[in-house]
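Trainee: Mind looking over this structure? Questions follow.
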Amino acid sequence: GVPDWLLPSLHGTDSMTTVQFHSNPTKDANLGLFEPNKDCCDTYPDFVVPCYVNGDQTAGVDTLVRSSSNGTKPGMTHLAYDNQTGALWGTVYDRATRTTLTSAFLKRHSGFAPGHGMDAIYMTDYDGVATDVFVNVTIDLLIDLGPEIDRG
């Protein structure tokens, strides 16, 4: 059985429900579980979204902001600016370190941060005090992303 402190996760391709029928023996019985007190978010979590800036990324305009989902917190918290990150896409939050990781994004009419390219993954702290390159996939991981193209 499933321990009392765990609950079934959502049904999906790699996670079936708690009721499954299989022939013995099988290696295809998959069940996803989660611990609600650790793996689940608050009732009204904050959300972080990238913003896009047209043209060169030198104006000091928001590229990453945080806001509340319940509307009680006024405004947005500015986390990163175009001259720090350029256009961003992938976004993930690490609750243990209170940081957000974002990936550089090749987008038409938007540039990269000065001195950085499409191979940058950025780390931003929760309060927006610091944004730095966390990893450069070309230099640190030796992954060649190919030539950058004209963004038109």
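Chain labels A, B, ... are given in the sequence in which chains occur in the structure tokens; within each chain residues are numbered consecutively from 1, and ligands are likewise numbered from 1 in the order shown.
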What's the 8 Å shell around stretch 134-143 of chain A, counting only C-alpha atoms, without same-chain residues fewer than 2 positions away, as a PyMOL selection string?

Mentor: chain A and resi 101+119-123+132+145

Trainee: One decimal, Å: what's the distance from atom CA of A:Val19 over to atom CA of A:Pro36, could you say?

Mentor: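 Separating atom CA of A:Val19 from atom CA of A:Pro36 is a distance of 20.6 Å.
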
Trainee: Which one of A:Gly111, A:Pro8, A:Pro3, A:Gly75 sits closest to A:Val53 if you count only C-alpha atoms?

Mentor: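 Closest to A:Val53 of all the choices is A:Gly111.
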
Trainee: What parts of stretch 5-70 of chain A does DSSP call alpha helix (DSSP H)? I'd like the answer as a ChimeraX atom specification.

Mentor: /A:36-39

Trainee: Near A:Phe112, within 9 Å and counting only C-alpha atoms, which residues show up once chain neighbours fewer than 2 positions away are dropped, as a PyMOL selection string?

Mentor: chain A and resi 56-57+82-88+104-106+110+114-118

Trainee: Only all heavy atoms, please: the residues just picked out, written as a short mmCIF file (atom, residue, chain, number, x, y, z; two decimals), in the first residue's frame.

Mentor:
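What follows is the written file out-v9.cif:
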```cif
data_model
loop_
_atom_site.label_atom_id
_atom_site.label_comp_id
_atom_site.auth_asym_id
_atom_site.auth_seq_id
_atom_site.Cartn_x
_atom_site.Cartn_y
_atom_site.Cartn_z
N ASP A 56 17.74 45.98 -29.09
CA ASP A 56 18.92 45.71 -28.28
C ASP A 56 18.55 45.69 -26.80
O ASP A 56 17.70 46.45 -26.35
CB ASP A 56 19.99 46.77 -28.53
CG ASP A 56 20.59 46.65 -29.91
OD1 ASP A 56 20.60 45.53 -30.46
OD2 ASP A 56 21.07 47.68 -30.43
N GLN A 57 19.22 44.84 -26.07
CA GLN A 57 18.90 44.65 -24.66
C GLN A 57 19.79 45.51 -23.77
O GLN A 57 20.60 45.02 -22.99
CB GLN A 57 19.04 43.17 -24.32
CG GLN A 57 18.26 42.25 -25.24
CD GLN A 57 16.76 42.43 -25.15
OE1 GLN A 57 16.15 42.10 -24.15
NE2 GLN A 57 16.17 42.98 -26.19
N ASP A 82 16.67 43.56 -19.06
CA ASP A 82 17.16 43.15 -20.37
C ASP A 82 18.69 43.22 -20.47
O ASP A 82 19.31 42.38 -21.10
CB ASP A 82 16.51 43.97 -21.49
CG ASP A 82 16.79 45.46 -21.40
OD1 ASP A 82 17.25 45.94 -20.35
OD2 ASP A 82 16.53 46.15 -22.40
N ASN A 83 19.32 44.19 -19.82
CA ASN A 83 20.77 44.28 -19.90
C ASN A 83 21.47 43.22 -19.05
O ASN A 83 22.67 43.06 -19.11
CB ASN A 83 21.26 45.68 -19.52
CG ASN A 83 20.76 46.14 -18.17
OD1 ASN A 83 20.10 45.39 -17.45
ND2 ASN A 83 21.05 47.37 -17.84
N GLN A 84 20.69 42.44 -18.27
CA GLN A 84 21.24 41.31 -17.50
C GLN A 84 21.01 39.98 -18.20
O GLN A 84 21.84 39.09 -18.11
CB GLN A 84 20.58 41.24 -16.11
CG GLN A 84 20.86 42.40 -15.21
CD GLN A 84 20.04 42.30 -13.95
OE1 GLN A 84 18.81 42.25 -13.99
NE2 GLN A 84 20.72 42.24 -12.82
N THR A 85 19.84 39.83 -18.85
CA THR A 85 19.47 38.52 -19.39
C THR A 85 19.12 38.50 -20.87
O THR A 85 19.23 37.47 -21.50
CB THR A 85 18.24 37.96 -18.65
OG1 THR A 85 17.13 38.79 -18.93
CG2 THR A 85 18.50 37.86 -17.16
N GLY A 86 18.61 39.59 -21.42
CA GLY A 86 18.04 39.51 -22.76
C GLY A 86 16.76 38.71 -22.72
O GLY A 86 16.15 38.52 -21.66
N ALA A 87 16.31 38.21 -23.87
CA ALA A 87 15.07 37.44 -23.94
C ALA A 87 15.22 36.11 -23.21
O ALA A 87 16.25 35.45 -23.29
CB ALA A 87 14.68 37.20 -25.40
N LEU A 88 14.18 35.71 -22.48
CA LEU A 88 14.18 34.48 -21.68
C LEU A 88 13.04 33.57 -22.10
O LEU A 88 12.03 34.03 -22.63
CB LEU A 88 14.02 34.82 -20.19
CG LEU A 88 15.09 35.68 -19.56
CD1 LEU A 88 14.67 36.11 -18.17
CD2 LEU A 88 16.41 34.94 -19.54
N ALA A 104 18.26 31.57 -21.85
CA ALA A 104 18.28 32.55 -22.94
C ALA A 104 17.41 32.02 -24.07
O ALA A 104 17.25 30.82 -24.25
CB ALA A 104 19.70 32.79 -23.41
N PHE A 105 16.86 32.95 -24.84
CA PHE A 105 15.88 32.57 -25.86
C PHE A 105 16.16 33.36 -27.13
O PHE A 105 16.26 34.58 -27.11
CB PHE A 105 14.48 32.89 -25.32
CG PHE A 105 13.35 32.60 -26.25
CD1 PHE A 105 13.26 31.40 -26.92
CD2 PHE A 105 12.34 33.53 -26.42
CE1 PHE A 105 12.19 31.12 -27.76
CE2 PHE A 105 11.26 33.26 -27.26
CZ PHE A 105 11.19 32.06 -27.92
N LEU A 106 16.31 32.64 -28.23
CA LEU A 106 16.49 33.26 -29.53
C LEU A 106 15.12 33.63 -30.07
O LEU A 106 14.32 32.77 -30.43
CB LEU A 106 17.21 32.31 -30.49
CG LEU A 106 17.44 32.81 -31.89
CD1 LEU A 106 18.33 34.04 -31.89
CD2 LEU A 106 18.06 31.71 -32.75
N SER A 110 14.26 40.49 -30.57
CA SER A 110 14.77 40.64 -29.21
C SER A 110 16.19 40.09 -29.17
O SER A 110 16.47 39.05 -29.74
CB SER A 110 13.91 39.87 -28.21
OG SER A 110 12.65 40.46 -28.09
N PRO A 114 23.97 41.92 -23.21
CA PRO A 114 25.31 42.27 -23.66
C PRO A 114 26.36 41.30 -23.10
O PRO A 114 26.37 41.01 -21.92
CB PRO A 114 25.52 43.68 -23.10
CG PRO A 114 24.13 44.23 -22.96
CD PRO A 114 23.28 43.04 -22.59
N GLY A 115 27.16 40.73 -24.01
CA GLY A 115 28.21 39.81 -23.60
C GLY A 115 27.77 38.37 -23.45
O GLY A 115 28.56 37.50 -23.10
N HIS A 116 26.48 38.09 -23.68
CA HIS A 116 25.96 36.72 -23.55
C HIS A 116 25.24 36.33 -24.83
O HIS A 116 24.85 37.17 -25.62
CB HIS A 116 25.02 36.60 -22.35
CG HIS A 116 25.65 36.98 -21.06
ND1 HIS A 116 26.68 36.28 -20.50
CD2 HIS A 116 25.43 38.03 -20.24
CE1 HIS A 116 27.06 36.86 -19.38
NE2 HIS A 116 26.31 37.94 -19.20
N GLY A 117 25.03 35.04 -24.99
CA GLY A 117 24.34 34.54 -26.18
C GLY A 117 23.24 33.58 -25.81
O GLY A 117 22.77 33.55 -24.68
N MET A 118 22.87 32.76 -26.79
CA MET A 118 21.77 31.83 -26.58
C MET A 118 22.17 30.64 -25.71
O MET A 118 21.34 29.80 -25.40
CB MET A 118 21.23 31.34 -27.92
CG MET A 118 22.17 30.55 -28.76
SD MET A 118 21.38 30.17 -30.33
CE MET A 118 22.74 29.47 -31.22
#
```

Trainee: Fewer than 3 positions away in the same chain doesn't count, so skip those; otherwise give me all residues within 10 Å of stretch 20-33 of chain A, counting only C-alpha atoms, as a PDB file with C-alpha atoms, in the first residue's frame.

Mentor:
```
ATOM      1  CA  VAL A   2       0.822   3.669  -0.203  1.00  0.00           C
ATOM      2  CA  PRO A   3       2.112   5.282   3.025  1.00  0.00           C
ATOM      3  CA  TRP A   5       1.892  10.701   4.152  1.00  0.00           C
ATOM      4  CA  LEU A   6       1.939  10.292   0.352  1.00  0.00           C
ATOM      5  CA  LEU A   7      -0.825  10.943  -2.169  1.00  0.00           C
ATOM      6  CA  PRO A   8      -1.198   9.809  -5.792  1.00  0.00           C
ATOM      7  CA  SER A   9      -0.030  12.396  -8.320  1.00  0.00           C
ATOM      8  CA  LEU A  10      -1.847  13.286 -11.518  1.00  0.00           C
ATOM      9  CA  HIS A  11      -2.569  10.525 -14.020  1.00  0.00           C
ATOM     10  CA  GLY A  12      -0.332  10.733 -17.070  1.00  0.00           C
ATOM     11  CA  THR A  13       1.910   8.848 -19.493  1.00  0.00           C
ATOM     12  CA  ASP A  14       4.395   7.783 -16.797  1.00  0.00           C
ATOM     13  CA  SER A  15       2.013   7.763 -13.841  1.00  0.00           C
ATOM     14  CA  MET A  16      -1.065   5.589 -13.780  1.00  0.00           C
ATOM     15  CA  THR A  17      -3.858   5.573 -11.189  1.00  0.00           C
ATOM     16  CA  PRO A  36       1.704  17.379  -0.102  1.00  0.00           C
ATOM     17  CA  ASP A  39       5.935  18.906  -3.090  1.00  0.00           C
TER      18      ASP A  39
END
```

Trainee: Per DSSP on the backbone, filter stretch 98-142 of chain A down to the residues in strand (DSSP E) and report them as a compact mmCIF listing (two decimals) with C-alpha atoms, in the first residue's frame.

Mentor:
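What landed in states_0.txt:
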```txt
# COMPACT_ATOMS: atom_id res chain seq x y z
CA THR A 99 16.19 30.99 -6.91
CA THR A 100 14.69 31.04 -10.38
CA LEU A 101 16.56 29.53 -13.33
CA THR A 102 15.80 30.85 -16.81
CA SER A 103 17.22 30.12 -20.24
CA ALA A 104 18.28 32.55 -22.94
CA ALA A 120 23.25 31.19 -21.14
CA ILE A 121 21.17 29.83 -18.28
CA TYR A 122 20.60 32.48 -15.62
CA MET A 123 20.04 32.24 -11.88
CA THR A 124 17.99 34.96 -10.15
CA ASP A 125 17.32 35.12 -6.43
CA THR A 131 20.93 37.77 -11.55
CA ASP A 132 24.00 35.95 -12.83
CA VAL A 133 24.89 33.40 -15.47
CA PHE A 134 24.44 30.03 -13.75
CA VAL A 135 25.86 27.97 -16.60
CA ASN A 136 27.04 28.62 -20.13
```

Trainee: Please measure the separation of atom CA of A:Ala130 and atom CA of A:Thr63, giving the value in Å to one decimal.

Mentor: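 Pair atom CA of A:Ala130 / atom CA of A:Thr63 returns 13.5 Å.
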
Trainee: Do you have, as a tab-separated table, the list of residues of stretch 7-53 of chain A lying at most 9 Å from stretch 89-95 of chain A, each with its nearest atom pair and that distance in Å to one decimal, counting only C-alpha atoms and ordered by chain then number?

Mentor:
```
residue	atom	partner	partner_atom	distance
A:Val48	CA	A:Thr91	CA	7.8
A:Val49	CA	A:Thr91	CA	7.6
A:Pro50	CA	A:Trp89	CA	6.7
```

Trainee: If you keep N, CA, C and O atoms, can you produce a file of those selected residues as a compact mmCIF listing (two decimals), in the first residue's frame?

Mentor:
```txt
# COMPACT_ATOMS: atom_id res chain seq x y z
N VAL A 48 6.25 33.64 -11.61
CA VAL A 48 7.35 34.35 -12.26
C VAL A 48 7.17 34.18 -13.76
O VAL A 48 6.96 33.07 -14.24
N VAL A 49 7.24 35.30 -14.49
CA VAL A 49 7.06 35.24 -15.95
C VAL A 49 8.11 36.09 -16.65
O VAL A 49 8.50 37.14 -16.14
N PRO A 50 8.57 35.63 -17.81
CA PRO A 50 9.48 36.47 -18.61
C PRO A 50 8.69 37.55 -19.35
O PRO A 50 7.52 37.37 -19.67
```

Trainee: Using only C-alpha atoms, find the one residue out of A:Asp4, A:Glu148, A:Asp46, A:Asp62 that sits nearest to A:Phe34.

Mentor: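 Nearest to A:Phe34: A:Asp4.
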
Trainee: Could you tell me how far atom CA of A:Thr77 lies from atom CA of A:Thr97, in Å and to one decimal?

Mentor: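 Going from atom CA of A:Thr77 over to atom CA of A:Thr97, I get 18.0 Å.
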